[in-house]
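*Asks:* Handing over model_27.tsv, TSV, C-alpha atoms.
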chain	number	residue	atom	x	y	z
A	1	MET	CA	8.50	-32.26	-6.19
A	2	ALA	CA	5.37	-33.09	-8.14
A	3	GLU	CA	3.44	-36.32	-7.58
A	4	TYR	CA	4.09	-37.48	-11.14
A	5	ALA	CA	7.22	-36.94	-13.22
A	6	LEU	CA	7.21	-37.57	-16.94
A	7	PHE	CA	10.47	-38.20	-18.79
A	8	GLY	CA	10.03	-36.83	-22.29
A	9	MET	CA	10.49	-33.87	-24.62
A	10	GLY	CA	8.30	-31.59	-26.67
A	11	GLU	CA	8.88	-33.26	-30.02
A	12	SER	CA	7.79	-36.69	-28.77
A	13	GLY	CA	4.17	-37.35	-29.57
A	14	ASN	CA	4.43	-40.53	-27.54
A	15	ALA	CA	5.42	-38.47	-24.50
A	16	TYR	CA	2.63	-36.04	-25.37
A	17	LYS	CA	0.03	-38.83	-25.08
A	18	ALA	CA	0.93	-39.19	-21.40
A	19	ALA	CA	1.45	-35.45	-20.85
A	20	LEU	CA	-1.97	-34.68	-22.30
A	21	MET	CA	-3.65	-37.24	-20.03
A	22	LEU	CA	-1.85	-35.82	-16.98
A	23	ASN	CA	-2.92	-32.30	-17.91
A	24	LEU	CA	-6.53	-33.17	-18.80
A	25	CYS	CA	-6.86	-34.91	-15.43
A	26	GLY	CA	-5.42	-31.89	-13.63
A	27	LEU	CA	-2.79	-34.03	-11.94
A	28	ASP	CA	0.23	-32.65	-10.13
A	29	TRP	CA	2.98	-33.42	-12.64
A	30	GLU	CA	6.25	-32.12	-13.99
A	31	PRO	CA	8.12	-32.91	-17.18
A	32	ILE	CA	11.72	-34.12	-16.99
A	33	PHE	CA	13.59	-33.29	-20.17
A	34	VAL	CA	15.40	-36.15	-21.88
A	35	ASP	CA	17.86	-34.95	-24.52
A	36	PHE	CA	16.74	-37.67	-26.88
A	37	PHE	CA	18.11	-36.18	-30.09
A	38	ASN	CA	21.56	-36.07	-28.52
A	39	GLY	CA	21.43	-39.73	-27.65
A	40	GLU	CA	20.46	-39.52	-23.98
A	41	GLY	CA	17.85	-42.26	-24.47
A	42	ARG	CA	20.49	-44.57	-25.91
A	43	GLY	CA	22.98	-44.01	-23.10
A	44	ASP	CA	23.70	-46.52	-20.34
A	45	LEU	CA	22.59	-44.09	-17.62
A	46	PHE	CA	19.09	-43.92	-19.08
A	47	ARG	CA	18.88	-47.58	-20.08
A	48	ASP	CA	20.14	-48.93	-16.77
A	49	ASN	CA	18.07	-46.63	-14.54
A	50	ILE	CA	15.04	-45.39	-16.45
A	51	ASN	CA	14.07	-47.66	-19.36
A	52	GLU	CA	16.02	-50.60	-20.73
A	53	LEU	CA	14.32	-50.10	-24.10
A	54	GLY	CA	15.76	-46.59	-24.36
A	55	GLU	CA	12.41	-45.01	-25.11
A	56	ILE	CA	10.35	-42.10	-23.84
A	57	PRO	CA	7.91	-41.52	-22.24
A	58	VAL	CA	8.61	-42.93	-18.81
A	59	LEU	CA	6.26	-42.02	-15.97
A	60	ASP	CA	7.60	-41.92	-12.43
A	61	HIS	CA	4.92	-42.14	-9.73
A	62	SER	CA	6.37	-42.34	-6.22
A	63	GLY	CA	9.37	-44.24	-7.58
A	64	LYS	CA	7.34	-46.69	-9.68
A	65	LYS	CA	8.55	-46.30	-13.25
A	66	LEU	CA	6.30	-47.15	-16.18
A	67	SER	CA	7.07	-47.05	-19.86
A	68	GLN	CA	5.09	-47.47	-23.10
A	69	SER	CA	2.44	-44.80	-23.50
A	70	GLY	CA	-0.37	-47.40	-23.69
A	71	VAL	CA	0.62	-48.77	-20.29
A	72	ILE	CA	0.97	-45.28	-18.79
A	73	LEU	CA	-2.45	-44.20	-20.09
A	74	HIS	CA	-4.12	-47.27	-18.57
A	75	TYR	CA	-2.30	-46.71	-15.28
A	76	LEU	CA	-3.55	-43.12	-15.14
A	77	VAL	CA	-7.11	-44.33	-15.79
A	78	GLU	CA	-6.74	-46.60	-12.75
A	79	GLN	CA	-5.45	-43.68	-10.69
A	80	THR	CA	-8.08	-41.16	-11.75
A	81	GLY	CA	-11.11	-43.00	-13.09
A	82	ARG	CA	-11.01	-40.63	-16.08
A	83	PHE	CA	-11.04	-41.43	-19.84
A	84	GLY	CA	-11.38	-45.18	-19.29
A	85	ALA	CA	-13.77	-47.92	-20.38
A	86	ALA	CA	-17.33	-48.36	-19.15
A	87	SER	CA	-17.39	-52.13	-19.73
A	88	GLU	CA	-15.19	-55.14	-20.50
A	89	ASP	CA	-16.09	-54.94	-24.17
A	90	GLU	CA	-15.22	-51.28	-24.27
A	91	ALA	CA	-11.92	-51.99	-22.51
A	92	ARG	CA	-11.02	-54.37	-25.34
A	93	GLU	CA	-12.07	-51.79	-27.91
A	94	ILE	CA	-9.81	-49.22	-26.31
A	95	TRP	CA	-6.86	-51.63	-26.34
A	96	ARG	CA	-7.65	-52.55	-29.93
A	97	TRP	CA	-7.31	-48.94	-31.04
A	98	ILE	CA	-4.25	-48.29	-28.91
A	99	LEU	CA	-2.56	-51.32	-30.49
A	100	PHE	CA	-3.57	-50.12	-33.95
A	101	ASP	CA	-2.19	-46.71	-33.03
A	102	ASN	CA	1.14	-48.15	-31.86
A	103	HIS	CA	1.47	-50.47	-34.83
A	104	LYS	CA	0.10	-48.59	-37.82
A	105	PHE	CA	-0.90	-45.05	-36.98
A	106	THR	CA	1.59	-43.36	-34.68
A	107	SER	CA	4.54	-45.54	-35.59
A	108	TYR	CA	4.76	-44.65	-39.28
A	109	LEU	CA	3.58	-41.08	-38.80
A	110	ALA	CA	6.17	-40.40	-36.10
A	111	THR	CA	9.03	-41.60	-38.27
A	112	LEU	CA	7.71	-39.81	-41.36
A	113	ARG	CA	7.41	-36.54	-39.48
A	114	PHE	CA	10.90	-36.99	-37.98
A	115	MET	CA	12.47	-37.54	-41.41
A	116	VAL	CA	10.50	-35.04	-43.48
A	117	GLY	CA	9.67	-32.42	-40.87
A	118	LEU	CA	12.72	-32.39	-38.61
A	119	GLN	CA	15.65	-34.07	-40.37
A	120	LYS	CA	14.51	-32.56	-43.69
A	121	THR	CA	15.57	-35.62	-45.64
A	122	GLY	CA	13.44	-34.62	-48.61
A	123	GLU	CA	11.62	-37.32	-50.56
A	124	THR	CA	13.23	-40.77	-50.40
A	125	PRO	CA	11.96	-44.31	-51.01
A	126	VAL	CA	11.62	-44.63	-47.23
A	127	THR	CA	9.52	-41.49	-46.77
A	128	ASP	CA	7.35	-42.67	-49.68
A	129	PHE	CA	6.92	-46.08	-48.00
A	130	LEU	CA	6.07	-44.47	-44.67
A	131	ARG	CA	3.65	-41.94	-46.17
A	132	ASN	CA	1.71	-44.67	-47.97
A	133	ARG	CA	1.36	-46.54	-44.68
A	134	VAL	CA	0.19	-43.39	-42.91
A	135	LEU	CA	-2.33	-42.61	-45.65
A	136	GLY	CA	-3.73	-46.14	-45.30
A	137	ALA	CA	-4.10	-45.71	-41.55
A	138	PHE	CA	-5.58	-42.21	-41.93
A	139	GLY	CA	-8.14	-43.60	-44.38
A	140	LEU	CA	-9.28	-46.22	-41.87
A	141	VAL	CA	-9.61	-43.68	-39.07
A	142	GLU	CA	-11.36	-41.17	-41.33
A	143	LYS	CA	-13.95	-43.82	-42.18
A	144	HIS	CA	-14.28	-44.94	-38.55
A	145	LEU	CA	-14.95	-41.33	-37.46
A	146	SER	CA	-17.77	-40.93	-39.94
A	147	GLY	CA	-20.85	-40.23	-37.83
A	148	ARG	CA	-19.05	-40.50	-34.53
A	149	ASP	CA	-17.34	-37.93	-32.33
A	150	PHE	CA	-14.75	-40.13	-30.63
A	151	ILE	CA	-12.87	-43.37	-31.32
A	152	VAL	CA	-14.66	-45.56	-28.75
A	153	GLY	CA	-18.13	-44.86	-27.38
A	154	ASP	CA	-19.60	-41.38	-27.24
A	155	ARG	CA	-17.00	-39.64	-25.11
A	156	PRO	CA	-13.24	-39.12	-25.17
A	157	THR	CA	-11.13	-42.03	-23.91
A	158	ILE	CA	-7.44	-42.82	-23.79
A	159	ALA	CA	-7.86	-44.32	-27.27
A	160	ASP	CA	-8.35	-40.75	-28.53
A	161	LEU	CA	-5.53	-39.38	-26.38
A	162	SER	CA	-3.18	-42.02	-27.78
A	163	MET	CA	-4.15	-41.52	-31.39
A	164	VAL	CA	-3.91	-37.72	-31.45
A	165	GLY	CA	-0.32	-37.95	-30.17
A	166	TYR	CA	1.32	-36.76	-33.39
A	167	LEU	CA	-1.57	-34.81	-34.89
A	168	TYR	CA	-0.90	-31.34	-33.47
A	169	PHE	CA	2.69	-30.93	-34.60
A	170	PRO	CA	3.25	-28.18	-37.16
A	171	GLU	CA	6.10	-29.84	-39.08
A	172	GLU	CA	5.63	-30.90	-42.67
A	173	THR	CA	4.87	-34.54	-43.49
A	174	GLY	CA	3.67	-34.16	-47.07
A	175	ILE	CA	0.12	-35.14	-46.14
A	176	GLU	CA	-2.78	-32.85	-46.99
A	177	ARG	CA	-4.82	-32.85	-43.78
A	178	SER	CA	-7.88	-31.36	-45.50
A	179	ARG	CA	-8.35	-34.73	-47.23
A	180	PHE	CA	-9.42	-36.07	-43.82
A	181	PRO	CA	-12.19	-33.75	-42.56
A	182	ASN	CA	-13.54	-36.17	-39.94
A	183	MET	CA	-10.08	-36.43	-38.43
A	184	GLN	CA	-9.70	-32.66	-38.48
A	185	ALA	CA	-13.01	-32.18	-36.64
A	186	TRP	CA	-12.00	-34.87	-34.13
A	187	THR	CA	-8.61	-33.33	-33.34
A	188	ARG	CA	-10.34	-29.96	-32.85
A	189	ARG	CA	-12.83	-31.68	-30.52
A	190	ILE	CA	-9.99	-33.10	-28.41
A	191	ALA	CA	-8.24	-29.72	-28.44
A	192	GLY	CA	-11.43	-28.23	-26.96
A	193	LEU	CA	-11.29	-30.36	-23.81
A	194	PRO	CA	-10.59	-28.41	-20.59
A	195	GLY	CA	-6.90	-28.76	-19.79
A	196	TRP	CA	-5.79	-29.41	-23.37
A	197	ALA	CA	-2.45	-27.89	-24.29
A	198	HIS	CA	-0.11	-28.13	-27.26
A	199	PRO	CA	2.86	-30.49	-26.88
A	200	TYR	CA	5.32	-27.64	-27.32
A	201	ASP	CA	3.66	-25.83	-24.40
A	202	LEU	CA	3.83	-28.87	-22.10
A	203	MET	CA	7.40	-30.04	-22.56
A	204	ARG	CA	10.73	-28.49	-23.48
A	205	ARG	CA	11.81	-29.02	-27.08
A	206	GLY	CA	15.04	-30.81	-27.87
A	207	PHE	CA	15.58	-30.64	-31.61
A	208	PRO	CA	18.71	-28.62	-32.41
A	209	GLY	CA	17.67	-25.09	-33.30
A	210	ALA	CA	14.11	-25.52	-32.03
B	211	MET	CA	-18.25	-76.35	-35.31
B	212	ALA	CA	-15.36	-75.61	-32.98
B	213	GLU	CA	-15.76	-73.34	-29.94
B	214	TYR	CA	-13.23	-70.86	-31.31
B	215	ALA	CA	-12.68	-69.88	-34.93
B	216	LEU	CA	-9.58	-67.96	-35.97
B	217	PHE	CA	-9.55	-65.97	-39.20
B	218	GLY	CA	-6.00	-66.06	-40.50
B	219	MET	CA	-3.50	-67.78	-42.76
B	220	GLY	CA	-0.22	-69.62	-42.40
B	221	GLU	CA	2.03	-66.76	-43.44
B	222	SER	CA	0.64	-64.37	-40.84
B	223	GLY	CA	2.77	-64.33	-37.73
B	224	ASN	CA	0.15	-62.13	-36.11
B	225	ALA	CA	-2.45	-64.84	-36.67
B	226	TYR	CA	0.10	-67.36	-35.42
B	227	LYS	CA	0.33	-65.57	-32.05
B	228	ALA	CA	-3.34	-66.36	-31.45
B	229	ALA	CA	-3.18	-69.82	-33.06
B	230	LEU	CA	-0.23	-70.78	-30.87
B	231	MET	CA	-2.07	-69.68	-27.70
B	232	LEU	CA	-5.19	-71.64	-28.73
B	233	ASN	CA	-3.08	-74.72	-29.39
B	234	LEU	CA	-0.93	-74.46	-26.25
B	235	CYS	CA	-4.11	-74.17	-24.18
B	236	GLY	CA	-5.60	-77.21	-25.90
B	237	LEU	CA	-8.72	-75.28	-26.84
B	238	ASP	CA	-11.30	-76.48	-29.36
B	239	TRP	CA	-10.50	-74.24	-32.33
B	240	GLU	CA	-10.45	-74.17	-36.09
B	241	PRO	CA	-8.69	-71.87	-38.52
B	242	ILE	CA	-10.71	-70.01	-41.15
B	243	PHE	CA	-8.59	-69.19	-44.16
B	244	VAL	CA	-8.55	-65.56	-45.28
B	245	ASP	CA	-7.05	-65.12	-48.74
B	246	PHE	CA	-5.14	-62.08	-47.61
B	247	PHE	CA	-2.60	-61.95	-50.42
B	248	ASN	CA	-5.47	-61.83	-52.93
B	249	GLY	CA	-7.01	-58.84	-51.19
B	250	GLU	CA	-9.72	-60.58	-49.19
B	251	GLY	CA	-8.80	-58.54	-46.11
B	252	ARG	CA	-9.22	-55.32	-48.06
B	253	GLY	CA	-12.64	-56.25	-49.46
B	254	ASP	CA	-15.93	-54.81	-48.25
B	255	LEU	CA	-17.24	-58.24	-47.21
B	256	PHE	CA	-14.40	-58.69	-44.74
B	257	ARG	CA	-14.29	-55.06	-43.60
B	258	ASP	CA	-18.03	-54.74	-43.07
B	259	ASN	CA	-18.52	-58.11	-41.33
B	260	ILE	CA	-15.25	-59.24	-39.80
B	261	ASN	CA	-12.84	-56.38	-39.13
B	262	GLU	CA	-13.18	-52.77	-40.23
B	263	LEU	CA	-9.40	-52.40	-40.09
B	264	GLY	CA	-8.98	-55.14	-42.69
B	265	GLU	CA	-6.49	-57.10	-40.60
B	266	ILE	CA	-6.04	-60.64	-39.42
B	267	PRO	CA	-6.21	-62.31	-36.97
B	268	VAL	CA	-9.82	-62.12	-35.89
B	269	LEU	CA	-11.06	-64.49	-33.20
B	270	ASP	CA	-14.70	-65.57	-33.20
B	271	HIS	CA	-15.91	-66.94	-29.87
B	272	SER	CA	-19.65	-67.68	-29.87
B	273	GLY	CA	-20.21	-64.80	-32.26
B	274	LYS	CA	-18.09	-62.29	-30.32
B	275	LYS	CA	-15.43	-61.08	-32.73
B	276	LEU	CA	-12.11	-59.78	-31.47
B	277	SER	CA	-9.20	-58.38	-33.44
B	278	GLN	CA	-5.63	-57.29	-32.65
B	279	SER	CA	-3.49	-60.19	-31.46
B	280	GLY	CA	-2.69	-58.44	-28.17
B	281	VAL	CA	-6.40	-58.17	-27.36
B	282	ILE	CA	-7.05	-61.78	-28.41
B	283	LEU	CA	-4.18	-63.08	-26.26
B	284	HIS	CA	-5.48	-61.25	-23.20
B	285	TYR	CA	-9.01	-62.50	-23.86
B	286	LEU	CA	-7.74	-66.09	-24.00
B	287	VAL	CA	-5.90	-65.60	-20.70
B	288	GLU	CA	-9.23	-64.55	-19.17
B	289	GLN	CA	-10.91	-67.63	-20.62
B	290	THR	CA	-8.24	-70.15	-19.61
B	291	GLY	CA	-6.18	-68.71	-16.77
B	292	ARG	CA	-3.07	-69.74	-18.73
B	293	PHE	CA	0.01	-67.69	-19.71
B	294	GLY	CA	-1.19	-64.57	-17.88
B	295	ALA	CA	0.16	-62.26	-15.20
B	296	ALA	CA	0.56	-63.12	-11.53
B	297	SER	CA	0.21	-59.52	-10.32
B	298	GLU	CA	-0.79	-56.03	-11.41
B	299	ASP	CA	2.84	-55.09	-11.94
B	300	GLU	CA	3.41	-58.16	-14.07
B	301	ALA	CA	0.26	-57.38	-16.07
B	302	ARG	CA	1.75	-54.00	-16.94
B	303	GLU	CA	5.07	-55.66	-17.84
B	304	ILE	CA	3.28	-58.02	-20.21
B	305	TRP	CA	1.45	-55.15	-21.89
B	306	ARG	CA	4.72	-53.21	-22.10
B	307	TRP	CA	6.37	-55.98	-24.08
B	308	ILE	CA	3.33	-56.63	-26.25
B	309	LEU	CA	3.26	-52.93	-27.16
B	310	PHE	CA	6.99	-53.01	-27.89
B	311	ASP	CA	6.37	-56.10	-30.00
B	312	ASN	CA	3.58	-54.46	-31.97
B	313	HIS	CA	5.46	-51.21	-32.42
B	314	LYS	CA	9.10	-52.14	-32.94
B	315	PHE	CA	9.63	-55.88	-33.06
B	316	THR	CA	6.94	-57.67	-35.06
B	317	SER	CA	5.93	-54.67	-37.14
B	318	TYR	CA	9.23	-54.09	-38.89
B	319	LEU	CA	10.17	-57.78	-39.01
B	320	ALA	CA	6.85	-58.77	-40.58
B	321	THR	CA	7.20	-56.22	-43.36
B	322	LEU	CA	10.88	-57.03	-43.93
B	323	ARG	CA	10.13	-60.75	-44.22
B	324	PHE	CA	7.22	-60.06	-46.56
B	325	MET	CA	9.36	-57.97	-48.89
B	326	VAL	CA	12.62	-59.93	-48.79
B	327	GLY	CA	11.32	-63.43	-48.13
B	328	LEU	CA	8.03	-63.55	-50.01
B	329	GLN	CA	7.89	-60.75	-52.54
B	330	LYS	CA	11.64	-61.17	-53.25
B	331	THR	CA	12.14	-57.45	-53.72
B	332	GLY	CA	15.87	-57.77	-53.25
B	333	GLU	CA	17.73	-55.06	-51.37
B	334	THR	CA	16.09	-51.64	-51.46
B	335	PRO	CA	16.36	-48.50	-49.30
B	336	VAL	CA	13.15	-49.65	-47.59
B	337	THR	CA	14.41	-53.16	-46.74
B	338	ASP	CA	17.59	-51.55	-45.44
B	339	PHE	CA	15.54	-49.17	-43.26
B	340	LEU	CA	13.38	-52.02	-41.95
B	341	ARG	CA	16.34	-54.34	-41.27
B	342	ASN	CA	18.11	-51.66	-39.24
B	343	ARG	CA	14.97	-51.23	-37.13
B	344	VAL	CA	14.69	-54.99	-36.63
B	345	LEU	CA	18.35	-55.29	-35.67
B	346	GLY	CA	17.85	-52.57	-33.07
B	347	ALA	CA	14.85	-54.39	-31.61
B	348	PHE	CA	16.64	-57.76	-31.71
B	349	GLY	CA	19.56	-56.22	-29.83
B	350	LEU	CA	17.28	-55.02	-27.03
B	351	VAL	CA	15.58	-58.39	-26.71
B	352	GLU	CA	18.89	-60.27	-26.86
B	353	LYS	CA	20.13	-58.16	-23.96
B	354	HIS	CA	16.88	-58.54	-22.02
B	355	LEU	CA	17.06	-62.34	-22.37
B	356	SER	CA	20.55	-62.48	-20.92
B	357	GLY	CA	20.23	-64.58	-17.77
B	358	ARG	CA	16.50	-65.09	-18.12
B	359	ASP	CA	14.45	-67.81	-19.79
B	360	PHE	CA	11.31	-65.83	-20.66
B	361	ILE	CA	10.34	-62.22	-21.35
B	362	VAL	CA	8.38	-61.58	-18.12
B	363	GLY	CA	8.86	-63.51	-14.90
B	364	ASP	CA	10.20	-67.07	-14.82
B	365	ARG	CA	7.61	-68.79	-16.99
B	366	PRO	CA	6.15	-68.35	-20.45
B	367	THR	CA	3.45	-65.70	-20.81
B	368	ILE	CA	1.55	-64.16	-23.70
B	369	ALA	CA	4.41	-61.65	-23.98
B	370	ASP	CA	6.55	-64.53	-25.27
B	371	LEU	CA	3.77	-65.88	-27.47
B	372	SER	CA	3.34	-62.46	-29.04
B	373	MET	CA	7.02	-61.84	-29.61
B	374	VAL	CA	7.86	-65.19	-31.22
B	375	GLY	CA	5.12	-64.62	-33.81
B	376	TYR	CA	7.48	-64.15	-36.76
B	377	LEU	CA	10.50	-66.05	-35.46
B	378	TYR	CA	9.78	-69.54	-36.82
B	379	PHE	CA	9.28	-68.66	-40.46
B	380	PRO	CA	11.90	-70.09	-42.81
B	381	GLU	CA	11.93	-67.25	-45.35
B	382	GLU	CA	15.00	-65.10	-45.76
B	383	THR	CA	15.21	-61.69	-44.08
B	384	GLY	CA	18.92	-61.03	-44.41
B	385	ILE	CA	19.44	-61.29	-40.65
B	386	GLU	CA	21.97	-63.74	-39.23
B	387	ARG	CA	20.09	-65.35	-36.37
B	388	SER	CA	23.27	-66.81	-34.84
B	389	ARG	CA	24.19	-63.24	-33.82
B	390	PHE	CA	21.38	-63.51	-31.24
B	391	PRO	CA	22.05	-66.70	-29.25
B	392	ASN	CA	19.81	-65.79	-26.30
B	393	MET	CA	16.92	-65.29	-28.69
B	394	GLN	CA	17.68	-68.59	-30.41
B	395	ALA	CA	17.63	-70.46	-27.07
B	396	TRP	CA	14.39	-68.70	-26.12
B	397	THR	CA	12.58	-69.58	-29.36
B	398	ARG	CA	13.70	-73.21	-28.90
B	399	ARG	CA	12.37	-73.06	-25.32
B	400	ILE	CA	8.95	-71.89	-26.55
B	401	ALA	CA	9.00	-74.52	-29.30
B	402	GLY	CA	9.47	-77.14	-26.58
B	403	LEU	CA	6.18	-76.31	-24.84
B	404	PRO	CA	3.52	-79.06	-25.06
B	405	GLY	CA	1.13	-78.19	-27.87
B	406	TRP	CA	3.59	-76.04	-29.80
B	407	ALA	CA	3.28	-76.33	-33.57
B	408	HIS	CA	4.79	-74.48	-36.52
B	409	PRO	CA	2.59	-71.79	-38.12
B	410	TYR	CA	2.58	-73.65	-41.45
B	411	ASP	CA	1.18	-76.70	-39.65
B	412	LEU	CA	-1.59	-74.75	-37.92
B	413	MET	CA	-3.04	-72.68	-40.76
B	414	ARG	CA	-3.33	-72.98	-44.51
B	415	ARG	CA	-0.82	-70.97	-46.50
B	416	GLY	CA	-1.96	-68.32	-48.94
B	417	PHE	CA	1.10	-67.00	-50.74
B	418	PRO	CA	0.91	-67.80	-54.45
B	419	GLY	CA	2.97	-70.92	-55.11
B	420	ALA	CA	3.32	-71.81	-51.43
Using structure tokens, write down the structure from this file.
*Replies:*
Amino acid sequence: MAEYALFGMGESGNAYKAALMLNLCGLDWEPIFVDFFNGEGRGDLFRDNINELGEIPVLDHSGKKLSQSGVILHYLVEQTGRFGAASEDEAREIWRWILFDNHKFTSYLATLRFMVGLQKTGETPVTDFLRNRVLGAFGLVEKHLSGRDFIVGDRPTIADLSMVGYLYFPEETGIERSRFPNMQAWTRRIAGLPGWAHPYDLMRRGFPGA
Amino acid sequence: MAEYALFGMGESGNAYKAALMLNLCGLDWEPIFVDFFNGEGRGDLFRDNINELGEIPVLDHSGKKLSQSGVILHYLVEQTGRFGAASEDEAREIWRWILFDNHKFTSYLATLRFMVGLQKTGETPVTDFLRNRVLGAFGLVEKHLSGRDFIVGDRPTIADLSMVGYLYFPEETGIERSRFPNMQAWTRRIAGLPGWAHPYDLMRRGFPGA
């Protein structure tokens, strides 16, 4: 049994944030597939034993179970000393971007991609609402990345690993990525780190027909 | 001039999270009104000097400017020793709930209340989408609060102060609060803390006609 076990699935960019950190740090880890699309996350077995909030990812380290990708990423920084802050001010900057990611960047993008790219809902008032939110967040990040290589400081941190969570998936979202060249260069930069792997190569996929 | 200045406005539950903490801790603080509904947050003056992400709240402490309510709350714990964690595990629990709040609780509720309660959009596919998300989050919190008085541990922490951010506003959201009695008792419990005040009594309101 590996030292770390990560409950997740290939389609979850939130699980990927943790999986990517585990892989970049070269840790001894294994993915545990949660059949999220078939309701496993909503079941009592999962909620009572793994995560009361019914969400993935959950990291199991020697029986200690942690959920919320932002918490898991910080825990892995403590364990490894990698991809963390160099000062108190930088630590707050990293949290600031992870909160922004959870609130305005990943959250809307994840739901948009699920509806448009996986469920194939087509255009609806909700996908329009979500896409406008994503475009607003992309615009802020595009501007922030002007003249800088990474989100915080001059090296990759868990702020980057959190924010790229949903940026490597191939499914359609109706957003023209070429409108955001700084973001494109940044995601390529992260993909060039030793140990980087695509989410679909790190965890088993769960979407029916995938 | 007060020791702390908080950029915000009465209608912002995210600003209220920080304002409530400042008030409960009896700190020397003053609100600085940002005319958010008239686009002040989106203007270059605000973005270039206060917060590049164009969001409130922003806390100014001796010239150090912090944004994201979750970062501000943690900073104020460091300054005061109040409402924080008693252990490393509890610190992770607090962050877990603040991330959940930012991602699934406050985020959808804030937008729902803005549309239904302030903009008076009436029922739309988007308000229906948002309300279903809020009801899901409310259900999880209602269950979590069964048999416990506060979100983490046996005393109020910044996890509570974050999560109640939008729960005292009077505007309509189309959600029957009486369906969530544990949450109602909990918000009353927080409102009973010495120093508690309603958001509209702590910061100037900005919505046209308010």
*Asks:* Go through A:Leu27, A:Glu11, A:Tyr4, A:Asp48 and flag the residue nearest Lys353 in chain B, using all atoms listed in the file for the distances.
*Replies:* A:Asp48
*Asks:* Between chain A and chain B, at 7 Å or less, what are the per-residue closest atom pairs and their distances in Å? Count all atoms listed in the file, order by chain and rising residue number, and return it as JSON lines.
*Replies:*
{"residue": "A:Leu53", "atom": "CA", "partner": "B:Leu350", "partner_atom": "CA", "distance": 6.4}
{"residue": "A:Ser67", "atom": "CA", "partner": "B:Arg306", "partner_atom": "CA", "distance": 7.0}
{"residue": "A:Gln68", "atom": "CA", "partner": "B:Arg306", "partner_atom": "CA", "distance": 5.8}
{"residue": "A:Val71", "atom": "CA", "partner": "B:Arg306", "partner_atom": "CA", "distance": 6.3}
{"residue": "A:Arg92", "atom": "CA", "partner": "B:Val281", "partner_atom": "CA", "distance": 6.3}
{"residue": "A:Trp95", "atom": "CA", "partner": "B:Val281", "partner_atom": "CA", "distance": 6.6}
{"residue": "A:Arg96", "atom": "CA", "partner": "B:Gln278", "partner_atom": "CA", "distance": 5.8}
{"residue": "A:Leu99", "atom": "CA", "partner": "B:Leu309", "partner_atom": "CA", "distance": 6.9}
{"residue": "A:Asn102", "atom": "CA", "partner": "B:His313", "partner_atom": "CA", "distance": 5.3}
{"residue": "A:His103", "atom": "CA", "partner": "B:His313", "partner_atom": "CA", "distance": 4.7}
{"residue": "A:Ser107", "atom": "CA", "partner": "B:His313", "partner_atom": "CA", "distance": 6.6}
{"residue": "A:Pro125", "atom": "CA", "partner": "B:Pro335", "partner_atom": "CA", "distance": 6.3}
{"residue": "A:Val126", "atom": "CA", "partner": "B:Val336", "partner_atom": "CA", "distance": 5.3}
{"residue": "A:Leu140", "atom": "CA", "partner": "B:Leu263", "partner_atom": "CA", "distance": 6.4}
*Asks:* Could you tell me how far CA of Arg323 in chain B sits from CA of Met231 in chain B, in Å to one decimal place?
*Replies:*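 According to the coordinates, CA of Met231 in chain B and CA of Arg323 in chain B are separated by 22.4 Å.
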*Asks:* Using 4 Å of padding on each side, determine the axis-aligned box around all atoms of range 372-388 of chain B present in the file and give its centre and edge lengths in Å to one decimal, as JSON.
*Replies:*
{"center_x": 13.3, "center_y": -65.6, "center_z": -37.4, "size_x": 27.9, "size_y": 17.1, "size_z": 24.7}
*Asks:* Could you check which of A:Leu76, A:Ile50, A:Leu145, A:Gly63 is closest to Leu22 in chain A, using all atoms listed in the file?
*Replies:*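 Of all the options, A:Leu76 lies closest to Leu22 in chain A.
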*Asks:* Once you count all atoms listed in the file, which residues end up no further than 9 Å from (-17.1, -39.5, -33.5) in the file's frame, shown as a list in words?
*Replies:*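 Applying the cut-off with all atoms listed in the file, one gets His144, Leu145, Ser146, Gly147, Arg148, Asp149, Phe150, Ile151, Val152, Gly153, Asp154, Arg155, Asn182, Ala185 and Trp186 of chain A.
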*Asks:* With distances taken over only C-alpha atoms, which residue among A:Pro199, A:Gly84, A:Gly165, A:Gly174 lies nearest Glu123 in chain A?
*Replies:*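 Smallest separation from Glu123 in chain A among the options: A:Gly174.
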*Asks:* Quick one: distance from CA of Ala197 in chain A to CA of Leu20 in chain A in Å, one decimal?
*Replies:*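 Value for the CA of Ala197 in chain A-CA of Leu20 in chain A distance: 7.1 Å.
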*Asks:* Just to confirm, what's the straight-line distance from CA of Asn342 in chain B to CA of Thr397 in chain B in Å (one decimal)?
*Replies:*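 Here the two named atoms are 21.2 Å from each other.
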*Asks:* Neighbouring residues of Glu40 in chain A were defined as those with any atom within 12 Å, considering only C-alpha atoms; residues of the same chain fewer than 3 positions away were excluded. Please report them as a count of residues only.
*Replies:* 20
